[in-house]
$ cat coords00.txt   # compact mmCIF, C-alpha atoms
# COMPACT_ATOMS: atom_id res chain seq x y z
CA MET A 1 3.80 -19.23 -21.38
CA GLU A 2 1.06 -17.06 -19.96
CA GLU A 3 -1.33 -18.63 -17.50
CA ILE A 4 -4.89 -17.44 -18.04
CA PHE A 5 -6.57 -17.44 -14.63
CA VAL A 6 -9.72 -16.33 -12.86
CA PRO A 7 -8.72 -13.20 -10.93
CA ALA A 8 -9.87 -12.91 -7.32
CA VAL A 9 -11.32 -9.40 -7.51
CA GLY A 10 -13.92 -9.38 -4.76
CA MET A 11 -13.31 -9.12 -1.02
CA ALA A 12 -14.64 -12.65 -0.55
CA MET A 13 -14.80 -14.18 -3.97
CA ASP A 14 -14.93 -17.96 -3.94
CA ASN A 15 -16.16 -19.82 -7.01
CA VAL A 16 -17.13 -18.53 -10.42
CA VAL A 17 -18.96 -20.26 -13.26
CA LEU A 18 -17.27 -20.66 -16.62
CA LEU A 19 -20.02 -19.24 -18.87
CA GLU A 20 -18.36 -19.31 -22.25
CA TRP A 21 -15.15 -20.35 -23.99
CA LEU A 22 -14.44 -17.93 -26.87
CA LYS A 23 -11.18 -19.60 -27.95
CA ASN A 24 -10.40 -23.24 -28.45
CA PRO A 25 -7.24 -25.25 -27.91
CA GLY A 26 -4.82 -24.61 -30.80
CA ASP A 27 -6.40 -21.23 -31.73
CA GLN A 28 -4.11 -18.27 -32.42
CA VAL A 29 -4.76 -15.54 -29.83
CA ASN A 30 -3.59 -11.93 -29.73
CA VAL A 31 -3.01 -9.52 -26.86
CA GLY A 32 -6.39 -8.38 -25.55
CA ASP A 33 -8.42 -11.19 -27.11
CA VAL A 34 -11.16 -12.39 -24.81
CA ILE A 35 -10.56 -16.07 -24.05
CA ALA A 36 -13.48 -16.82 -21.76
CA ILE A 37 -16.41 -15.22 -19.95
CA ILE A 38 -17.00 -16.00 -16.29
CA GLU A 39 -19.85 -15.24 -13.93
CA THR A 40 -19.17 -14.20 -10.33
CA ASP A 41 -21.83 -13.75 -7.64
CA LYS A 42 -22.22 -10.14 -8.81
CA THR A 43 -21.44 -9.83 -12.48
CA THR A 44 -20.02 -11.38 -15.64
CA MET A 45 -16.44 -10.72 -16.61
CA ASP A 46 -14.23 -11.14 -19.67
CA ILE A 47 -10.91 -12.95 -19.22
CA ALA A 48 -8.45 -11.66 -21.81
CA ALA A 49 -4.95 -12.66 -22.94
CA GLU A 50 -2.00 -10.39 -22.12
CA THR A 51 0.30 -12.07 -24.65
CA SER A 52 -0.06 -13.51 -28.16
CA GLY A 53 0.39 -17.18 -29.05
CA THR A 54 -1.43 -20.48 -29.30
CA LEU A 55 -4.11 -21.47 -26.81
CA GLY A 56 -3.50 -24.57 -24.68
CA ALA A 57 -6.03 -27.08 -23.38
CA HIS A 58 -9.23 -26.00 -21.63
CA ARG A 59 -8.68 -27.03 -18.03
CA TYR A 60 -12.34 -26.58 -17.08
CA ALA A 61 -15.47 -27.55 -18.98
CA LEU A 62 -18.28 -25.16 -19.89
CA ASN A 63 -20.48 -24.31 -16.86
CA ALA A 64 -17.90 -25.76 -14.46
CA GLU A 65 -17.33 -24.03 -11.11
CA VAL A 66 -13.82 -22.61 -10.90
CA PRO A 67 -12.16 -21.46 -7.65
CA ALA A 68 -10.88 -17.85 -7.80
CA GLY A 69 -7.19 -17.68 -8.65
CA GLN A 70 -7.17 -20.93 -10.66
CA THR A 71 -5.58 -21.25 -14.09
CA ILE A 72 -8.15 -22.17 -16.75
CA THR A 73 -5.83 -22.38 -19.78
CA VAL A 74 -2.49 -21.10 -21.07
CA VAL A 75 -1.19 -19.08 -24.03
CA LEU A 76 1.88 -20.74 -25.52
CA ALA A 77 4.68 -18.85 -27.27
CA PRO A 78 6.16 -20.44 -30.42
CA GLY A 79 8.02 -23.63 -29.53
CA GLU A 80 6.44 -23.93 -26.07
CA SER A 81 4.32 -26.85 -24.90
CA GLU A 82 2.16 -27.39 -21.81
CA MET B 1 21.74 19.94 -2.56
CA THR B 2 23.94 16.85 -2.85
CA THR B 3 22.58 13.73 -1.21
CA ASP B 4 24.62 11.80 1.35
CA LYS B 5 25.73 8.61 -0.40
CA THR B 6 24.97 6.03 2.31
CA TRP B 7 21.68 7.66 3.29
CA GLY B 8 20.61 7.99 -0.34
CA LYS B 9 21.22 4.32 -1.08
CA LYS B 10 19.20 3.23 1.93
CA ILE B 11 16.32 5.51 0.94
CA LEU B 12 16.36 4.26 -2.65
CA ARG B 13 16.47 0.61 -1.57
CA ASP B 14 13.52 1.12 0.80
CA MET B 15 11.46 2.59 -2.05
CA LEU B 16 12.42 -0.26 -4.40
CA LEU B 17 11.52 -2.79 -1.71
CA ILE B 18 8.04 -1.28 -1.32
CA ARG B 19 7.48 -1.14 -5.10
CA ASN B 20 8.47 -4.78 -5.59
CA PHE B 21 6.43 -5.86 -2.54
CA GLU B 22 3.30 -4.14 -3.88
CA GLU B 23 3.60 -5.40 -7.45
CA THR B 24 4.22 -8.94 -6.19
CA ALA B 25 1.40 -8.82 -3.65
CA ASP B 26 -0.96 -7.41 -6.31
CA LYS B 27 -0.43 -10.49 -8.50
CA LEU B 28 -0.79 -12.84 -5.54
CA THR B 29 -4.06 -11.14 -4.57
CA LEU B 30 -5.48 -11.76 -8.05
CA ARG B 31 -4.47 -15.40 -7.54
CA GLY B 32 -6.59 -15.54 -4.40
CA LYS B 33 -3.70 -15.69 -1.91
CA VAL B 34 -4.69 -12.56 0.05
CA PRO B 35 -8.07 -12.94 1.77
CA GLY B 36 -10.04 -9.70 2.07
CA GLY B 37 -8.28 -7.94 -0.79
CA MET B 38 -5.54 -5.34 -0.69
CA HIS B 39 -4.77 -1.73 -1.57
CA ASN B 40 -1.66 -1.25 -3.68
CA SER B 41 0.51 1.79 -2.84
CA SER B 42 2.78 1.68 -5.92
CA GLY B 43 3.67 5.27 -6.80
CA GLN B 44 3.39 6.55 -3.22
CA GLU B 45 6.75 5.26 -1.94
CA ALA B 46 8.36 8.67 -1.42
CA VAL B 47 5.70 9.79 1.07
CA ALA B 48 6.23 6.73 3.27
CA VAL B 49 10.03 6.61 3.05
CA GLY B 50 10.46 10.39 3.23
CA VAL B 51 8.40 10.62 6.43
CA MET B 52 9.78 7.53 8.15
CA SER B 53 13.41 8.44 7.42
CA ALA B 54 12.87 11.68 9.37
CA LEU B 55 11.47 9.88 12.42
CA ASP B 56 13.12 8.10 15.31
CA PRO B 57 12.31 4.37 15.61
CA LYS B 58 10.47 5.09 18.88
CA ASP B 59 8.10 7.62 17.26
CA VAL B 60 4.52 6.48 16.77
CA ILE B 61 2.58 6.21 13.53
CA ALA B 62 -1.05 5.32 12.78
CA THR B 63 -2.07 4.75 9.22
CA THR B 64 -4.91 3.91 6.83
CA HIS B 65 -6.40 1.08 4.75
CA ARG B 66 -3.45 1.56 2.34
CA SER B 67 -0.58 0.93 4.71
CA HIS B 68 1.99 -1.51 3.31
CA HIS B 69 4.35 1.29 2.28
CA HIS B 70 4.15 3.00 5.68
CA THR B 71 4.66 -0.32 7.45
CA ILE B 72 7.69 -1.42 5.43
CA ALA B 73 9.23 2.06 5.67
CA LYS B 74 8.69 1.96 9.46
CA GLY B 75 10.96 -1.08 9.49
CA MET B 76 8.73 -4.15 9.65
CA PRO B 77 10.47 -7.05 7.82
CA VAL B 78 8.76 -7.82 4.50
CA ASP B 79 8.32 -11.52 5.32
CA ILE B 80 6.24 -10.62 8.39
CA VAL B 81 4.15 -8.18 6.33
CA MET B 82 3.61 -10.73 3.55
CA ALA B 83 2.67 -13.45 6.05
CA GLU B 84 0.00 -11.13 7.51
CA LEU B 85 -1.42 -10.49 4.01
CA PHE B 86 -1.68 -14.28 3.64
CA THR B 87 -3.39 -14.38 7.11
CA LYS B 88 -0.70 -16.71 8.43
CA ALA B 89 0.15 -17.22 12.11
CA THR B 90 3.62 -15.72 11.52
CA GLY B 91 2.19 -12.36 10.38
CA CYS B 92 2.49 -9.24 12.55
CA SER B 93 -1.12 -9.57 13.73
CA GLY B 94 -1.04 -13.35 13.99
CA GLY B 95 -2.94 -13.69 10.74
CA ARG B 96 -6.09 -12.05 12.09
CA GLY B 97 -5.75 -8.68 10.43
CA ALA B 98 -4.60 -9.25 6.84
CA SER B 99 -3.67 -6.31 4.61
CA MET B 100 -5.68 -3.61 6.40
CA HIS B 101 -4.61 -4.36 9.97
CA LEU B 102 -0.84 -4.34 9.97
CA ALA B 103 0.46 -3.25 13.36
CA ASP B 104 3.45 -3.51 15.70
CA VAL B 105 2.59 -1.51 18.81
CA GLU B 106 5.91 -2.20 20.57
CA ASN B 107 7.75 -0.59 17.68
CA GLY B 108 5.46 2.42 17.45
CA HIS B 109 3.20 1.16 14.67
CA PHE B 110 -0.33 1.70 15.99
CA GLY B 111 -1.88 0.05 12.98
CA GLY B 112 -3.74 0.43 9.78
CA ASN B 113 -7.54 0.31 9.82
CA GLY B 114 -10.52 0.37 7.51
CA ILE B 115 -12.10 3.62 8.76
CA VAL B 116 -11.47 6.76 6.69
CA GLY B 117 -9.52 9.30 8.76
CA ALA B 118 -9.25 7.12 11.86
CA GLY B 119 -5.44 7.06 11.81
CA VAL B 120 -5.46 10.80 12.53
CA GLY B 121 -7.45 10.36 15.74
CA ILE B 122 -5.40 7.38 16.88
CA ALA B 123 -2.11 9.26 16.36
CA MET B 124 -3.52 12.41 18.02
CA GLY B 125 -4.43 10.29 21.05
CA ALA B 126 -0.94 8.81 21.07
CA ALA B 127 0.49 12.33 20.94
CA MET B 128 -1.64 13.27 23.93
CA GLY B 129 -0.23 10.28 25.82
CA ILE B 130 3.31 11.23 24.83
CA LYS B 131 2.78 14.74 26.16
CA GLN B 132 1.18 13.54 29.40
CA MET B 133 4.07 11.19 30.07
CA GLY B 134 6.68 13.75 29.07
CA HIS B 135 8.30 11.49 26.48
CA LYS B 136 10.63 12.93 23.84
CA LYS B 137 8.95 11.61 20.74
CA VAL B 138 6.21 12.43 18.24
CA ALA B 139 3.14 10.75 16.75
CA VAL B 140 2.36 10.85 13.03
CA GLY B 141 -1.12 10.29 11.62
CA PHE B 142 -1.55 9.35 7.96
CA VAL B 143 -4.77 10.09 6.10
CA GLY B 144 -5.78 10.13 2.44
CA ASP B 145 -7.39 12.96 0.49
CA GLY B 146 -10.75 11.25 1.07
CA GLY B 147 -10.23 11.78 4.82
CA MET B 148 -10.02 15.54 4.24
CA ASN B 149 -13.81 15.64 4.00
CA THR B 150 -14.42 13.66 7.16
CA GLY B 151 -15.37 15.39 10.42
CA ARG B 152 -13.24 13.29 12.77
CA THR B 153 -10.07 14.38 10.96
CA TRP B 154 -10.60 18.02 11.84
CA GLU B 155 -11.74 17.34 15.40
CA ALA B 156 -8.38 15.63 15.93
CA VAL B 157 -6.45 18.47 14.26
CA ASN B 158 -8.23 21.01 16.45
CA MET B 159 -7.40 19.12 19.64
CA ALA B 160 -3.77 18.73 18.60
CA VAL B 161 -3.57 22.50 18.14
CA ILE B 162 -5.25 23.58 21.37
CA TYR B 163 -3.18 21.15 23.47
CA LYS B 164 0.03 21.83 21.45
CA LEU B 165 0.58 18.12 20.93
CA PRO B 166 3.71 16.57 19.38
CA PHE B 167 1.68 15.52 16.36
CA ILE B 168 2.27 15.53 12.60
CA LEU B 169 -0.54 14.97 10.14
CA ILE B 170 0.52 13.63 6.74
CA VAL B 171 -2.00 13.69 3.91
CA ASP B 172 -0.88 10.82 1.66
CA ASN B 173 -2.76 12.63 -1.09
CA ASN B 174 -3.02 10.30 -4.09
CA GLN B 175 -5.84 12.51 -5.44
CA TYR B 176 -8.57 9.88 -5.64
CA ALA B 177 -10.95 8.83 -2.89
CA VAL B 178 -11.72 5.40 -4.34
CA GLU B 179 -13.00 6.64 -7.73
CA THR B 180 -13.62 10.32 -6.90
CA PHE B 181 -11.16 13.02 -7.95
CA VAL B 182 -10.21 15.18 -4.96
CA GLU B 183 -11.02 18.52 -6.68
CA ARG B 184 -14.60 17.48 -7.31
CA VAL B 185 -15.44 16.97 -3.66
CA THR B 186 -13.15 19.35 -1.77
CA GLY B 187 -14.64 22.81 -1.21
CA GLY B 188 -12.07 25.55 -1.80
CA ASN B 189 -9.74 22.91 -3.22
CA ASP B 190 -6.83 23.89 -0.99
CA ILE B 191 -6.20 21.31 1.68
CA ALA B 192 -3.23 23.08 3.28
CA LYS B 193 -5.37 26.23 3.69
CA ARG B 194 -7.88 24.19 5.65
CA GLY B 195 -5.06 23.08 7.95
CA ALA B 196 -3.86 26.67 8.32
CA GLY B 197 -7.38 27.65 9.36
CA PHE B 198 -6.92 25.54 12.48
CA GLY B 199 -3.82 27.53 13.36
CA LEU B 200 -0.97 25.17 12.68
CA PRO B 201 1.92 25.31 10.17
CA SER B 202 0.47 23.80 6.98
CA TYR B 203 2.20 22.94 3.72
CA THR B 204 1.46 21.38 0.35
CA ILE B 205 4.59 19.61 -0.85
CA ASP B 206 5.81 17.41 -3.71
CA GLY B 207 5.13 13.91 -2.43
CA GLN B 208 7.09 12.39 -5.32
CA ASP B 209 10.32 13.99 -4.06
CA VAL B 210 11.56 11.85 -1.19
CA GLU B 211 14.04 14.46 0.04
CA GLU B 212 11.40 17.18 0.17
CA VAL B 213 9.09 14.91 2.19
CA HIS B 214 11.99 14.07 4.51
CA ARG B 215 12.91 17.73 5.02
CA TYR B 216 9.40 18.93 5.85
CA THR B 217 8.83 16.01 8.24
CA LYS B 218 12.15 16.60 9.97
CA GLU B 219 11.32 20.27 10.56
CA ALA B 220 7.85 19.38 11.82
CA ARG B 221 9.38 16.85 14.23
CA GLU B 222 11.85 19.43 15.53
CA ARG B 223 9.04 21.93 16.16
CA ALA B 224 7.02 19.24 17.97
CA LEU B 225 9.94 18.25 20.20
CA ALA B 226 10.58 21.93 20.99
CA GLY B 227 7.03 22.15 22.37
CA GLU B 228 5.70 24.18 19.45
CA GLY B 229 2.85 21.79 18.67
CA PRO B 230 1.56 20.02 15.58
CA SER B 231 2.14 20.43 11.83
CA PHE B 232 0.09 19.63 8.76
CA ILE B 233 1.71 18.30 5.56
CA ASN B 234 -0.27 17.68 2.39
CA ALA B 235 2.00 15.51 0.21
CA LEU B 236 0.86 15.30 -3.43
CA THR B 237 1.35 11.82 -4.80
CA TYR B 238 -0.29 9.33 -7.15
CA ARG B 239 -1.25 5.68 -7.06
CA TYR B 240 -0.48 3.71 -10.19
CA TYR B 241 -3.05 0.95 -9.66
CA GLY B 242 -6.70 0.91 -8.68
CA HIS B 243 -8.11 1.74 -5.26
CA ASN B 244 -8.16 -1.99 -4.58
CA VAL B 245 -6.62 -4.87 -6.48
CA GLY B 246 -8.74 -5.98 -9.41
CA GLU B 247 -10.59 -2.66 -9.77
CA LYS B 248 -11.75 -1.85 -13.30
CA GLY B 249 -10.67 1.79 -13.09
CA GLN B 250 -12.59 3.76 -15.70
CA TYR B 251 -12.54 7.08 -13.82
CA ARG B 252 -9.15 8.31 -15.04
CA THR B 253 -7.30 8.11 -18.34
CA GLN B 254 -4.38 5.84 -19.19
CA GLU B 255 -2.59 9.01 -20.37
CA GLU B 256 -2.83 10.55 -16.90
CA ILE B 257 -1.36 7.44 -15.27
CA ALA B 258 1.39 7.21 -17.91
CA ASP B 259 2.26 10.89 -17.38
CA TRP B 260 2.76 10.46 -13.62
CA ARG B 261 4.75 7.26 -14.13
CA SER B 262 7.05 8.63 -16.81
CA HIS B 263 7.65 12.15 -15.50
CA ARG B 264 7.31 12.10 -11.75
CA ASP B 265 8.09 8.60 -10.55
CA PRO B 266 9.77 8.94 -7.12
CA ILE B 267 12.15 6.00 -7.68
CA ASP B 268 13.22 7.09 -11.17
CA ARG B 269 13.76 10.66 -9.99
CA PHE B 270 15.80 9.75 -6.95
CA SER B 271 17.90 7.06 -8.65
CA ALA B 272 18.67 9.47 -11.51
CA LYS B 273 19.78 12.09 -8.96
CA LEU B 274 22.06 9.65 -7.13
CA ILE B 275 23.57 8.42 -10.40
CA SER B 276 24.13 11.96 -11.71
CA GLU B 277 25.84 12.94 -8.45
CA GLY B 278 28.11 9.89 -8.63
CA ALA B 279 26.67 8.44 -5.41
CA LEU B 280 25.46 5.34 -7.25
CA SER B 281 26.66 3.52 -10.38
CA GLN B 282 24.33 1.90 -12.90
CA GLY B 283 25.80 -1.48 -11.91
CA GLU B 284 25.14 -0.87 -8.20
CA TYR B 285 21.58 0.17 -9.04
CA GLU B 286 20.94 -3.04 -10.96
CA GLU B 287 22.42 -5.09 -8.10
CA MET B 288 20.10 -3.27 -5.70
CA ILE B 289 17.05 -4.09 -7.84
CA ALA B 290 18.10 -7.76 -7.97
CA SER B 291 18.72 -8.00 -4.21
CA VAL B 292 15.31 -6.45 -3.50
CA ALA B 293 13.64 -8.99 -5.82
CA LYS B 294 15.37 -11.80 -3.96
CA GLU B 295 14.24 -10.46 -0.58
CA ILE B 296 10.61 -10.30 -1.75
CA GLU B 297 10.80 -13.78 -3.26
CA ALA B 298 12.00 -15.09 0.12
CA ALA B 299 9.14 -13.23 1.84
CA VAL B 300 6.56 -14.91 -0.42
CA ASP B 301 8.17 -18.29 0.26
CA PHE B 302 8.03 -17.62 4.03
CA ALA B 303 4.37 -16.61 3.80
CA GLU B 304 3.45 -19.64 1.66
CA LYS B 305 5.15 -22.07 4.04
CA SER B 306 3.87 -20.52 7.28
CA PRO B 307 0.89 -22.19 9.01
CA LEU B 308 -2.56 -20.66 9.35
CA PRO B 309 -3.41 -19.67 12.97
CA ASP B 310 -4.42 -22.67 15.09
CA VAL B 311 -8.16 -22.69 15.73
CA SER B 312 -7.56 -23.24 19.48
CA THR B 313 -6.11 -19.70 19.65
CA ILE B 314 -9.25 -18.07 18.28
CA LEU B 315 -10.08 -16.23 21.53
CA ASP B 316 -6.55 -14.93 22.06
CA GLY B 317 -6.46 -11.17 21.87
CA VAL B 318 -10.23 -10.75 22.16
CA ASP B 319 -9.81 -8.84 25.43
CA SER B 320 -7.01 -7.62 27.64
CA GLY B 321 -7.43 -10.60 30.00
CA LEU B 322 -9.75 -8.81 32.45
CA LEU B 323 -12.87 -10.60 31.26
CA GLY B 324 -11.24 -14.00 31.52
CA VAL B 325 -11.88 -14.81 27.86
CA ARG B 326 -8.24 -14.92 26.98
CA LYS B 327 -6.13 -17.80 28.22
$ encode --input "coords00.txt" --output "structure tokens"
Amino acid sequence: MEEIFVPAVGMAMDNVVLLEWLKNPGDQVNVGDVIAIIETDKTTMDIAAETSGTLGAHRYALNAEVPAGQTITVVLAPGESE
Amino acid sequence: MTTDKTWGKKILRDMLLIRNFEETADKLTLRGKVPGGMHNSSGQEAVAVGVMSALDPKDVIATTHRSHHHTIAKGMPVDIVMAELFTKATGCSGGRGASMHLADVENGHFGGNGIVGAGVGIAMGAAMGIKQMGHKKVAVGFVGDGGMNTGRTWEAVNMAVIYKLPFILIVDNNQYAVETFVERVTGGNDIAKRGAGFGLPSYTIDGQDVEEVHRYTKEARERALAGEGPSFINALTYRYYGHNVGEKGQYRTQEEIADWRSHRDPIDRFSAKLISEGALSQGEYEEMIASVAKEIEAAVDFAEKSPLPDVSTILDGVDSGLLGVRK
């Protein structure tokens, strides 16, 4: 199971806004697929998968504020569950 | 030349410890556990371990913004380093410094800092103190290739030469000043020649060969202790990750990174040498990798469980006590 999370990339990055979900729970995802787009205080950023599998539940709603470092969803390998 | 078995294993383990520390800390930084960000030194292990293994524990070092590898190689326990990255009270700087301000003055570590080239001046000053007091030790200043185009670096080198100080300058030359390739911004493109112009022994060496780094540092230390003055060592190395954790990194190709990792990796090269000489078995090597992973896991656990500094201590360390601010 791969946790898809908001990376803390700035020196003092706190919350980001979840701008767009590009994959839905149950969707097949492949390595490199963009799962979500977030907006930091400086820019927008794609969050991509590093593994292939089935997407888990969205843990944050559209336009929600997410603290840096938090997991927003997971990619499940065959046979795995959340 | 054949490597001494016991020495070789210690050197290899130190490099593995740094690599695992950096890759673990990189992931934790992305998870928001390291306030203020961090600079990953993966790929540069041989410079740190090669230099430190040639020094005496009482020798002084001063380093840069990228200092985890120097600090661990100097002997600071990894749990104390990790706790400082997490800004916990149990860290070496009491949680006030984070990644860029690792220090342990009592053990000769005069700190990392965020000012390009500043470690050179700090170490040169320490060398001046050592000479004044007649101590039998040396001071080593680390600087990156970016610091080669900074005035203060050369002022310090000049002073070290004219006063014949027991000083060694190490260029931890990973070839990129943030996103700028060293050749593009370095007139003449020969860093060791610049050093030589100031009248001290200057070398460009293979910074991915831990034994070469060790040998050159040892000779420089011997010259310094014999009263012959400073030396300048430009160690060519490479960082595998971005300047800082989370950097996008579009200024160099994936092929270039892959080439350095697959052909010149300091850990792969040294472990292969020890194995081919019969100093290390494949099984022992795997055990070493596992024991290092366990040590880093324990360090993360220690850092996680340690408390943040108590707010009532906020003025501690603000002054030396003379102004009456400190309790």
$ residues_around --input "coords00.txt" --residues "Ala123 of chain B" --least-positions-apart "2" --cutoff "9 Å" --atoms "only C-alpha atoms" --output "list in words"
Val60, Ile61, Ala62, Thr63, Phe110, Ala118, Gly119, Val120, Gly121, Gly125, Ala126, Ala127, Met128, Ala139, Val140, Gly141, Phe142, Ala156, Phe167, Ile168 and Leu169 of chain B
$ closest_residue --input "coords00.txt" --among "B:Leu165, B:Ala98, B:Leu274, B:Val49" --to "chain A" --atoms "all atoms listed in the file"
B:Ala98
$ axis_aligned_box --input "coords00.txt" --around "segment 49-57 of chain B" --padding-each-side "5 Å" --output "JSON"
{"center_x": 10.9, "center_y": 8.0, "center_z": 9.3, "size_x": 15.0, "size_y": 17.3, "size_z": 22.6}
$ atom_distance --input "coords00.txt" --atom1 "atom CA of Ile35 of chain A" --atom2 "atom CA of Ala48 of chain A"
5.4 Å
$ atom_distance --input "coords00.txt" --atom1 "atom CA of Phe270 of chain B" --atom2 "atom CA of Arg13 of chain B"
10.6 Å
$ atom_distance --input "coords00.txt" --atom1 "atom CA of Lys273 of chain B" --atom2 "atom CA of Gly8 of chain B"
9.6 Å
$ residues_around --input "coords00.txt" --residues "segment 65-76 of chain A" --least-positions-apart "5" --cutoff "10 Å" --atoms "all atoms listed in the file" --output "ChimeraX atom specification"
/A:1-10,12-19,24-30,35-36,38-40,47,49-60,81-82 /B:27-33
$ write_last_selection --input "coords00.txt" --atoms "C-alpha atoms" --output "PDB file, in the coordinates of the input"
ATOM      1  CA  MET A   1       3.800 -19.230 -21.380  1.00  0.00           C
ATOM      2  CA  GLU A   2       1.060 -17.060 -19.960  1.00  0.00           C
ATOM      3  CA  GLU A   3      -1.330 -18.630 -17.500  1.00  0.00           C
ATOM      4  CA  ILE A   4      -4.890 -17.440 -18.040  1.00  0.00           C
ATOM      5  CA  PHE A   5      -6.570 -17.440 -14.630  1.00  0.00           C
ATOM      6  CA  VAL A   6      -9.720 -16.330 -12.860  1.00  0.00           C
ATOM      7  CA  PRO A   7      -8.720 -13.200 -10.930  1.00  0.00           C
ATOM      8  CA  ALA A   8      -9.870 -12.910  -7.320  1.00  0.00           C
ATOM      9  CA  VAL A   9     -11.320  -9.400  -7.510  1.00  0.00           C
ATOM     10  CA  GLY A  10     -13.920  -9.380  -4.760  1.00  0.00           C
ATOM     11  CA  ALA A  12     -14.640 -12.650  -0.550  1.00  0.00           C
ATOM     12  CA  MET A  13     -14.800 -14.180  -3.970  1.00  0.00           C
ATOM     13  CA  ASP A  14     -14.930 -17.960  -3.940  1.00  0.00           C
ATOM     14  CA  ASN A  15     -16.160 -19.820  -7.010  1.00  0.00           C
ATOM     15  CA  VAL A  16     -17.130 -18.530 -10.420  1.00  0.00           C
ATOM     16  CA  VAL A  17     -18.960 -20.260 -13.260  1.00  0.00           C
ATOM     17  CA  LEU A  18     -17.270 -20.660 -16.620  1.00  0.00           C
ATOM     18  CA  LEU A  19     -20.020 -19.240 -18.870  1.00  0.00           C
ATOM     19  CA  ASN A  24     -10.400 -23.240 -28.450  1.00  0.00           C
ATOM     20  CA  PRO A  25      -7.240 -25.250 -27.910  1.00  0.00           C
ATOM     21  CA  GLY A  26      -4.820 -24.610 -30.800  1.00  0.00           C
ATOM     22  CA  ASP A  27      -6.400 -21.230 -31.730  1.00  0.00           C
ATOM     23  CA  GLN A  28      -4.110 -18.270 -32.420  1.00  0.00           C
ATOM     24  CA  VAL A  29      -4.760 -15.540 -29.830  1.00  0.00           C
ATOM     25  CA  ASN A  30      -3.590 -11.930 -29.730  1.00  0.00           C
ATOM     26  CA  ILE A  35     -10.560 -16.070 -24.050  1.00  0.00           C
ATOM     27  CA  ALA A  36     -13.480 -16.820 -21.760  1.00  0.00           C
ATOM     28  CA  ILE A  38     -17.000 -16.000 -16.290  1.00  0.00           C
ATOM     29  CA  GLU A  39     -19.850 -15.240 -13.930  1.00  0.00           C
ATOM     30  CA  THR A  40     -19.170 -14.200 -10.330  1.00  0.00           C
ATOM     31  CA  ILE A  47     -10.910 -12.950 -19.220  1.00  0.00           C
ATOM     32  CA  ALA A  49      -4.950 -12.660 -22.940  1.00  0.00           C
ATOM     33  CA  GLU A  50      -2.000 -10.390 -22.120  1.00  0.00           C
ATOM     34  CA  THR A  51       0.300 -12.070 -24.650  1.00  0.00           C
ATOM     35  CA  SER A  52      -0.060 -13.510 -28.160  1.00  0.00           C
ATOM     36  CA  GLY A  53       0.390 -17.180 -29.050  1.00  0.00           C
ATOM     37  CA  THR A  54      -1.430 -20.480 -29.300  1.00  0.00           C
ATOM     38  CA  LEU A  55      -4.110 -21.470 -26.810  1.00  0.00           C
ATOM     39  CA  GLY A  56      -3.500 -24.570 -24.680  1.00  0.00           C
ATOM     40  CA  ALA A  57      -6.030 -27.080 -23.380  1.00  0.00           C
ATOM     41  CA  HIS A  58      -9.230 -26.000 -21.630  1.00  0.00           C
ATOM     42  CA  ARG A  59      -8.680 -27.030 -18.030  1.00  0.00           C
ATOM     43  CA  TYR A  60     -12.340 -26.580 -17.080  1.00  0.00           C
ATOM     44  CA  SER A  81       4.320 -26.850 -24.900  1.00  0.00           C
ATOM     45  CA  GLU A  82       2.160 -27.390 -21.810  1.00  0.00           C
TER      46      GLU A  82
ATOM     47  CA  LYS B  27      -0.430 -10.490  -8.500  1.00  0.00           C
ATOM     48  CA  LEU B  28      -0.790 -12.840  -5.540  1.00  0.00           C
ATOM     49  CA  THR B  29      -4.060 -11.140  -4.570  1.00  0.00           C
ATOM     50  CA  LEU B  30      -5.480 -11.760  -8.050  1.00  0.00           C
ATOM     51  CA  ARG B  31      -4.470 -15.400  -7.540  1.00  0.00           C
ATOM     52  CA  GLY B  32      -6.590 -15.540  -4.400  1.00  0.00           C
ATOM     53  CA  LYS B  33      -3.700 -15.690  -1.910  1.00  0.00           C
TER      54      LYS B  33
END
$ residues_around --input "coords00.txt" --residues "Arg221 of chain B" --least-positions-apart "3" --cutoff "8 Å" --atoms "all atoms listed in the file" --output "ChimeraX atom specification"
/B:54-55,138,166,168,217-218,224-225
$ residues_around --input "coords00.txt" --residues "segment 283-290 of chain B" --least-positions-apart "3" --cutoff "7 Å" --atoms "all atoms listed in the file" --output "list in words"
Arg13, Leu16, Leu280, Ala293 and Lys294 of chain B
$ closest_residue --input "coords00.txt" --among "B:Asn244, B:Ser202, B:Ser306, B:Ser281" --to "chain A" --atoms "all atoms listed in the file"
B:Asn244
$ residues_near_point --input "coords00.txt" --point "(-7.0, 7.6, 4.4)" --cutoff "12 Å" --atoms "all atoms listed in the file" --output "PyMOL selection string"
chain B and resi 39+41+62-67+100+112-121+141-150+152-153+169-178+243
$ closest_residue --input "coords00.txt" --among "B:Gly129, B:Gly95, B:Gly246, B:Pro230" --to "chain A" --atoms "all atoms listed in the file"
B:Gly246
